[in-house]
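Chemist: The following block contains the structure, expressed as structure tokens.
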Amino acid sequence: MSQSKADETSKKAKISKAPQAKKAEKSVSCDPCETLGACFERHMDKSLSPKERDQQELFYAFALSVKDQMLPKWRQTRLGDREGGKKRVAYLSLEFLMGRALSNAINNLDMSAESEVVLRDYAVRRESIEEQEHDAGLGNGGLGRLAACFLDSCASLDLNVTGYGIRYEYGMFAQKLCDGYQIERPDRWLRDGNPWEVRVPSHNVLVPFFGHTESYIDRDGKRQFIWADTQDVLAVAYDMPVPGYRNERINTLRLWKSEATDDFDLEEFNQGDYTEAVARKNLAEQITMVLYPNDASENGKELRLRQQYFLSSASLQDLLNTWVCQHGEDFSDYARLNVMQLNDTHPSVAIPELMRLLMDKYGLCWDKAWEITSQTMAYTNHTLLPEALERWPVRMFEHMLPRILDIIYEINARYLDVVAHHWPGDSDKLRTMSIIEEGAEPHVRMAYLAIVASFSVNGVAGLHTRLLTSGLFKDFYALWPEKFNNKTNGVTPRRWMTQSNPALAALLTKRLGDAWVTDLSHLNALNAFTDDESLLTEWRKVKFENKCHLAELVKRECDVNFEPTMMFDVQVKRIHEYKRQLLNILHVVHLYHQIQQGNLSDITPRCVLIGGKAAPGYAMAKLLIKLANNVAHMVNSDPIVTPYLRFAFLPNYNVSAMERICPGTDLSEQISTAGKEASGTGNMKFMMNGALTIGTLDGANIEMLEEVGQENFFLFGLNANEVESLKPHYEPNIFIGQSMALAEVMELLESGHFNLLEPGIFNPIIDSIRSPSDPWMIAADFESYRQAQQKAATAYQDQHHWTQMSIRNTAASGRFSSDVTIGQYRDEIWRVQP
């Protein structure tokens, strides 16, 4: 018998050696001194149902076993945090893009060696078990991944921070490709259960919707308000552990699931109205069914607002219930001991909700409730795009959240009195700064509400914050300059180096010791070794192995052969016009044309990878995906071209894919129009893993350039001021005429070369490039981008020097650890102590 067959037989014998019971929702209780191996044996014996998917069973049992190892520390963390006088931070976010949890837990709990020993008895590799886990469908893009990095850093820095989010039944969507078009399919990430979650019914709360407001005069002559005839939804709490890096802290991510208060109206059911009987139940459960519904329709907008209020109300009720259990209904110290960080505008409805709870439920007067609210709320802004600052129709608020709208109107009236005193007689200022945007269809400006009520308003990169205070929010900055501050984003090195790139992590530890994992500034010491031939050789070997792993992923998912000796040029992120995947595609077309024309003297063989999802209602973004796939088909099917150029679009890009992608990338594309990207975090992950960046002066690119130096960064394009100056008289056809390369690319596109059987489908893209109102300035930046790409291609030919630049990028990445960012939140906004 071969060794592989013997291993398989051994594994089958292990799995089938004991009777198996139905998989329980909660893990079986365990002895706090029980070893990982003993836990695993117990779950294999008692917690599994007989299935043929042995690897999935092994994963579930092993994940439960690892969670069991966390339970004692998790309980102890909660008990310690309940001690009097300790400040608590609640991080409210509509997204937490956690990725897979097993490998992260094993890494942070220092259980790698023990895990290998336990799984060896089952003749299975840990990596194959980890790959059975579905990415948690709790987020979409950078916002959710940032929240996940922040939770890791909070736990690793020993901070009492609880994440609050929504337990989406389905993620955003699973992206499929059909004839090059994006097709959305349900992301059933919970179909096999979630071993990490614990249902906590003792924390369930009721969230009100609809109804109307009533008022009365109480015995003290004060007017009180009641939100009457509401349709309540049950918010059910599920907790997931967030382990700190090799310390004793296990923080909590609390997720809310919506359920009906009653299964259905039995009287209606008995009378034969079956559909109406279950309608309310279905309406309640829809709230947490799908992440971020398409808001192109009115129903989509309403559901999205319901999600935001559901999250905010459930989380605030939970926080206040905990306070009352410990302190009674004395809220005099509440603001001193609590902070709520709003991750973008999505949870800003928490502001009037906190006012409602303090006044209507606990009887505080307006002034006291406002004092508490305005001293506990802190707001992070994540966008420079005005259209991304959420605005909700007043009529929608009035119908769905009537009491909340009352409070918003009162907040606005009192706030506009402050504005009027600051700018006497300036009615335009009152109109432009009002929380309520007047017009034929009045709207509530949620970002304005967040600024008015928060004691801290921060941007997420130096340029982003400067543009906020000089542009979008300049009037608010003039009124309250002390509120505004910058906190440049960061990413956790645990997930994005030690976990996703173990070979590089081992090399770094071999050279520098292991202190860099918790203090990334230690990577600066690498600069002393850039002439060390042994390090350069080892560095190239690690990169090559990682490129081989990435090539395997591309072959499996795209059926395109990436050659690891070629330069790997990568752009993976949400598909959006401002992120300019189009600029990248146009450059691929340029290279394709050059190769076909026989202009090979300056060609450096490269493989180009693009990945990302387009919002279901975003037609132009979806058309860009189609263009990328059509161009990729022409490139990869031409034997003249493929020795020099290969191109793939990776479907269903997610966290787990990025863990394979960023270690194997040579050139990182960060090419957004200057002044449009708030920060970016993918740029930091690539930098940490030794990729070189080609990018504009946008978002955190600017700070990355400051750290690594222009000689180790491929800079191109207009800066933010130049973009604004060019807008009034932008003529893209002039730029096309000045660039022979771009003119040739446009001729190919307009000839229908990439859509011979689908005439005219790319006309919207062609028209957008030639439009003087193109806000993304594709034509203006193309030639500069092409020249920067040529510099990168030439640099890659000198592998010795390229490796030195790669090392310098990793060495300069310490500033972009989320530990640094959270340390700044801790000291300057939250003011909490470990």
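Chain labels A, B, ... are given in the sequence in which chains occur in the structure tokens; within each chain residues are numbered consecutively from 1, and ligands are likewise numbered from 1 in the order shown.
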Could you give me, as a tab-separated table (two decimals) with C-alpha atoms, in the first residue's frame, the residues within 7 Å of Asp152 of chain A, counting only C-alpha atoms and dropping anything in the same chain fewer than 2 positions from it?
Modeler:
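selection-v9.tsv, freshly written:
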```tsv
chain	number	residue	atom	x	y	z
A	148	ALA	CA	-11.19	43.48	11.59
A	149	CYS	CA	-7.58	44.71	11.80
A	150	PHE	CA	-8.59	47.18	14.48
A	154	CYS	CA	-7.27	46.30	20.31
A	155	ALA	CA	-7.04	42.80	21.74
A	156	SER	CA	-3.28	42.61	21.18
A	242	VAL	CA	-11.20	38.02	19.19
A	244	GLY	CA	-5.05	39.11	21.36
A	492	THR	CA	-2.36	44.02	11.48
```
Chemist: Residues at most 7 Å from Pro241 of chain A, counting only C-alpha atoms, excluding those fewer than 6 positions away in the same chain, as a ChimeraX atom specification?
Modeler: /A:250-253
Chemist: Just want the 8 Å neighbourhood of segment 758-765 of chain A, counted on only C-alpha atoms, with same-chain residues fewer than 6 positions away dropped. Output as a list in words.
Modeler: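 So, after excluding close chain neighbours, the residues are Met620, Leu623, Leu624, Leu627, Leu749, Glu750 and Gly752 of chain A.
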Chemist: Work out how far atom CA of Asp192 of chain A is from atom CA of Ala551 of chain A, in Å to one decimal.
Modeler: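 For atom CA of Ala551 of chain A relative to atom CA of Asp192 of chain A, the distance reads 29.0 Å.
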Chemist: Per residue of segment 613-713 of chain A within 9 Å of segment 766-778 of chain A, note the shortest atom pair and the distance in Å to one decimal, counting only C-alpha atoms, and order the rows by chain and increasing residue number, as JSON lines.
Modeler:
```
{"residue": "A:Ser672", "atom": "CA", "partner": "A:Trp776", "partner_atom": "CA", "distance": 8.1}
{"residue": "A:Thr673", "atom": "CA", "partner": "A:Trp776", "partner_atom": "CA", "distance": 5.6}
{"residue": "A:Ala674", "atom": "CA", "partner": "A:Trp776", "partner_atom": "CA", "distance": 8.7}
{"residue": "A:Lys676", "atom": "CA", "partner": "A:Trp776", "partner_atom": "CA", "distance": 8.7}
```
Chemist: Could those selected residues go to a file with N, CA and C atoms, as an mmCIF file, in the first residue's frame?
Modeler:
```
data_model
loop_
_atom_site.group_PDB
_atom_site.id
_atom_site.type_symbol
_atom_site.label_atom_id
_atom_site.label_comp_id
_atom_site.auth_asym_id
_atom_site.auth_seq_id
_atom_site.Cartn_x
_atom_site.Cartn_y
_atom_site.Cartn_z
ATOM 1 N N SER A 672 -5.582 55.255 -7.855
ATOM 2 C CA SER A 672 -6.789 56.082 -7.803
ATOM 3 C C SER A 672 -6.493 57.530 -8.181
ATOM 4 N N THR A 673 -7.533 58.213 -8.652
ATOM 5 C CA THR A 673 -7.398 59.635 -8.959
ATOM 6 C C THR A 673 -7.051 60.389 -7.681
ATOM 7 N N ALA A 674 -6.036 61.220 -7.726
ATOM 8 C CA ALA A 674 -5.582 61.929 -6.519
ATOM 9 C C ALA A 674 -6.728 62.728 -5.916
ATOM 10 N N LYS A 676 -9.238 61.255 -4.202
ATOM 11 C CA LYS A 676 -10.468 60.456 -4.154
ATOM 12 C C LYS A 676 -10.402 59.323 -3.141
#
```
Chemist: Under the rule that only C-alpha atoms are counted, which of A:Tyr618, A:Tyr644, A:Tyr592, A:Trp802 is the nearest residue to Ala691 of chain A?
Modeler: A:Trp802
Chemist: With only C-alpha atoms as the basis for distance, which of A:Asn683, A:Asn689, A:Thr665, A:Ser725 is at the shortest distance from Phe562 of chain A?
Modeler: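 Going through A:Asn683, A:Asn689, A:Thr665, A:Ser725 one by one, the smallest distance to Phe562 of chain A is for A:Thr665.
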Chemist: Excluding Lys222 of chain A and residues on its chain fewer than 3 positions from it, collect all residues at most 12 Å away from it, counting only C-alpha atoms, and give them as a list of chain:residue names.
Modeler: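 Those residues are A:Ser215, A:Tyr216, A:Ile217, A:Asp218, A:Arg219, A:Phe225, A:Met359, A:Gly363, A:Leu364, A:Cys365, A:Trp366.
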